[in-house]
Amino acid sequence: MKTCPNCNNPINGRSDKVFCDDYCKSSFHYKKNKATEQSFFEQVQKQLKLNRKILKQFNKAGKATVRKEELISEGFNPKFFTHYWKNKKGDVYLFCFEFGFLSINDNGKDKYLLIQWQSYMN
Ligand SMILES: [Zn+2]
């Protein structure tokens, strides 16, 4: 006997039926999407927290330059950031909360310039 994935009641009728009715069908898909949405939210939150932790760890003096690989190997993911700040030169610093980073090339080496959020950046 087949059971409905939404309510677990036995399914009567045609053997190709997956859900007992349209209500169960839409309810099941709604819950499934909800779960996916939630896990994406948690995933982003986790990555942002990790990014912040790594930036903080490498930026103890308020300003620092580090090799990109060093941050990446710790689990840093530059695609996840909370906001940005553009300086007068047009450089765009990306921030994970109060810790910012700017992609630079120093003698052919890919590096990040790390800074800390200042009140004038608002
Ligand atoms: Zn059902």
# chains A, B, ... in the order shown; residues from 1 in each chain; ligands from 1
call {"tool": "residues_around", "arguments": {"residues": "segment 100-114 of chain A", "least_positions_apart": "4", "cutoff": "6 Å", "atoms": "only C-alpha atoms", "output": "list in words"}}
result
Lys63, Ala64, Thr65, Val66, Arg67, Lys68, Tyr93, Leu94 and Phe95 of chain A
call {"tool": "residues_near_ligand", "arguments": {"ligand": "ligand 1", "cutoff": "7 Å", "atoms": "only C-alpha atoms and all ligand atoms", "output": "PyMOL selection string"}}
result
chain A and resi 4-9+19-21+24
call {"tool": "write_last_selection", "arguments": {"atoms": "N, CA and C atoms", "output": "PDB file, in the first residue's frame"}}
result
ATOM      1  N   CYS A   4       0.765   8.632   1.237  1.00  0.00           N
ATOM      2  CA  CYS A   4       0.977  10.022   0.797  1.00  0.00           C
ATOM      3  C   CYS A   4       2.186  10.619   1.533  1.00  0.00           C
ATOM      4  N   PRO A   5       3.158  11.216   0.800  1.00  0.00           N
ATOM      5  CA  PRO A   5       4.343  11.783   1.452  1.00  0.00           C
ATOM      6  C   PRO A   5       4.019  12.970   2.365  1.00  0.00           C
ATOM      7  N   ASN A   6       2.839  13.545   2.207  1.00  0.00           N
ATOM      8  CA  ASN A   6       2.485  14.693   3.049  1.00  0.00           C
ATOM      9  C   ASN A   6       1.805  14.285   4.347  1.00  0.00           C
ATOM     10  N   CYS A   7       0.783  13.435   4.257  1.00  0.00           N
ATOM     11  CA  CYS A   7       0.012  13.118   5.463  1.00  0.00           C
ATOM     12  C   CYS A   7       0.168  11.666   5.916  1.00  0.00           C
ATOM     13  N   ASN A   8       0.874  10.870   5.133  1.00  0.00           N
ATOM     14  CA  ASN A   8       1.110   9.459   5.463  1.00  0.00           C
ATOM     15  C   ASN A   8      -0.135   8.566   5.439  1.00  0.00           C
ATOM     16  N   ASN A   9      -1.234   9.079   4.933  1.00  0.00           N
ATOM     17  CA  ASN A   9      -2.425   8.241   4.786  1.00  0.00           C
ATOM     18  C   ASN A   9      -2.269   7.365   3.549  1.00  0.00           C
ATOM     19  N   PHE A  19       0.203  11.769  -4.294  1.00  0.00           N
ATOM     20  CA  PHE A  19      -0.421  12.409  -3.134  1.00  0.00           C
ATOM     21  C   PHE A  19      -1.903  12.066  -3.095  1.00  0.00           C
ATOM     22  N   CYS A  20      -2.540  12.157  -1.916  1.00  0.00           N
ATOM     23  CA  CYS A  20      -3.967  11.834  -1.879  1.00  0.00           C
ATOM     24  C   CYS A  20      -4.821  12.887  -2.566  1.00  0.00           C
ATOM     25  N   ASP A  21      -4.429  14.156  -2.490  1.00  0.00           N
ATOM     26  CA  ASP A  21      -5.192  15.182  -3.215  1.00  0.00           C
ATOM     27  C   ASP A  21      -4.303  16.392  -3.511  1.00  0.00           C
ATOM     28  N   CYS A  24      -2.661  18.103  -0.431  1.00  0.00           N
ATOM     29  CA  CYS A  24      -1.447  17.449   0.072  1.00  0.00           C
ATOM     30  C   CYS A  24      -0.266  17.708  -0.852  1.00  0.00           C
TER      31      CYS A  24
END
call {"tool": "atom_distance", "arguments": {"atom1": "atom CA of Leu71 of chain A", "atom2": "atom CA of Ile54 of chain A"}}
result
6.9 Å
call {"tool": "atom_distance", "arguments": {"atom1": "atom CA of Ser26 of chain A", "atom2": "atom CA of Val44 of chain A"}}
result
27.1 Å
call {"tool": "atom_distance", "arguments": {"atom1": "atom CA of Lys46 of chain A", "atom2": "atom CA of Lys31 of chain A"}}
result
22.4 Å
call {"tool": "closest_residue", "arguments": {"among": "A:Gln45, A:Asn122, A:Thr3, A:Gln38", "to": "Lys86 of chain A", "atoms": "only C-alpha atoms"}}
result
A:Asn122
call {"tool": "closest_residue", "arguments": {"among": "A:Asn77, A:Lys25, A:Trp117, A:Thr82", "to": "Leu50 of chain A", "atoms": "only C-alpha atoms"}}
result
A:Asn77
call {"tool": "closest_residue", "arguments": {"among": "A:Gln116, A:Gln43, A:Ser27, A:Asn33", "to": "Phe99 of chain A", "atoms": "only C-alpha atoms"}}
result
A:Gln116
call {"tool": "select_by_dssp", "arguments": {"residues": "segment 1-120 of chain A", "states": "strand (DSSP E)", "output": "VMD selection string"}}
result
chain A and resid 63 to 67 83 to 86 92 to 96 99 to 106 109 to 116
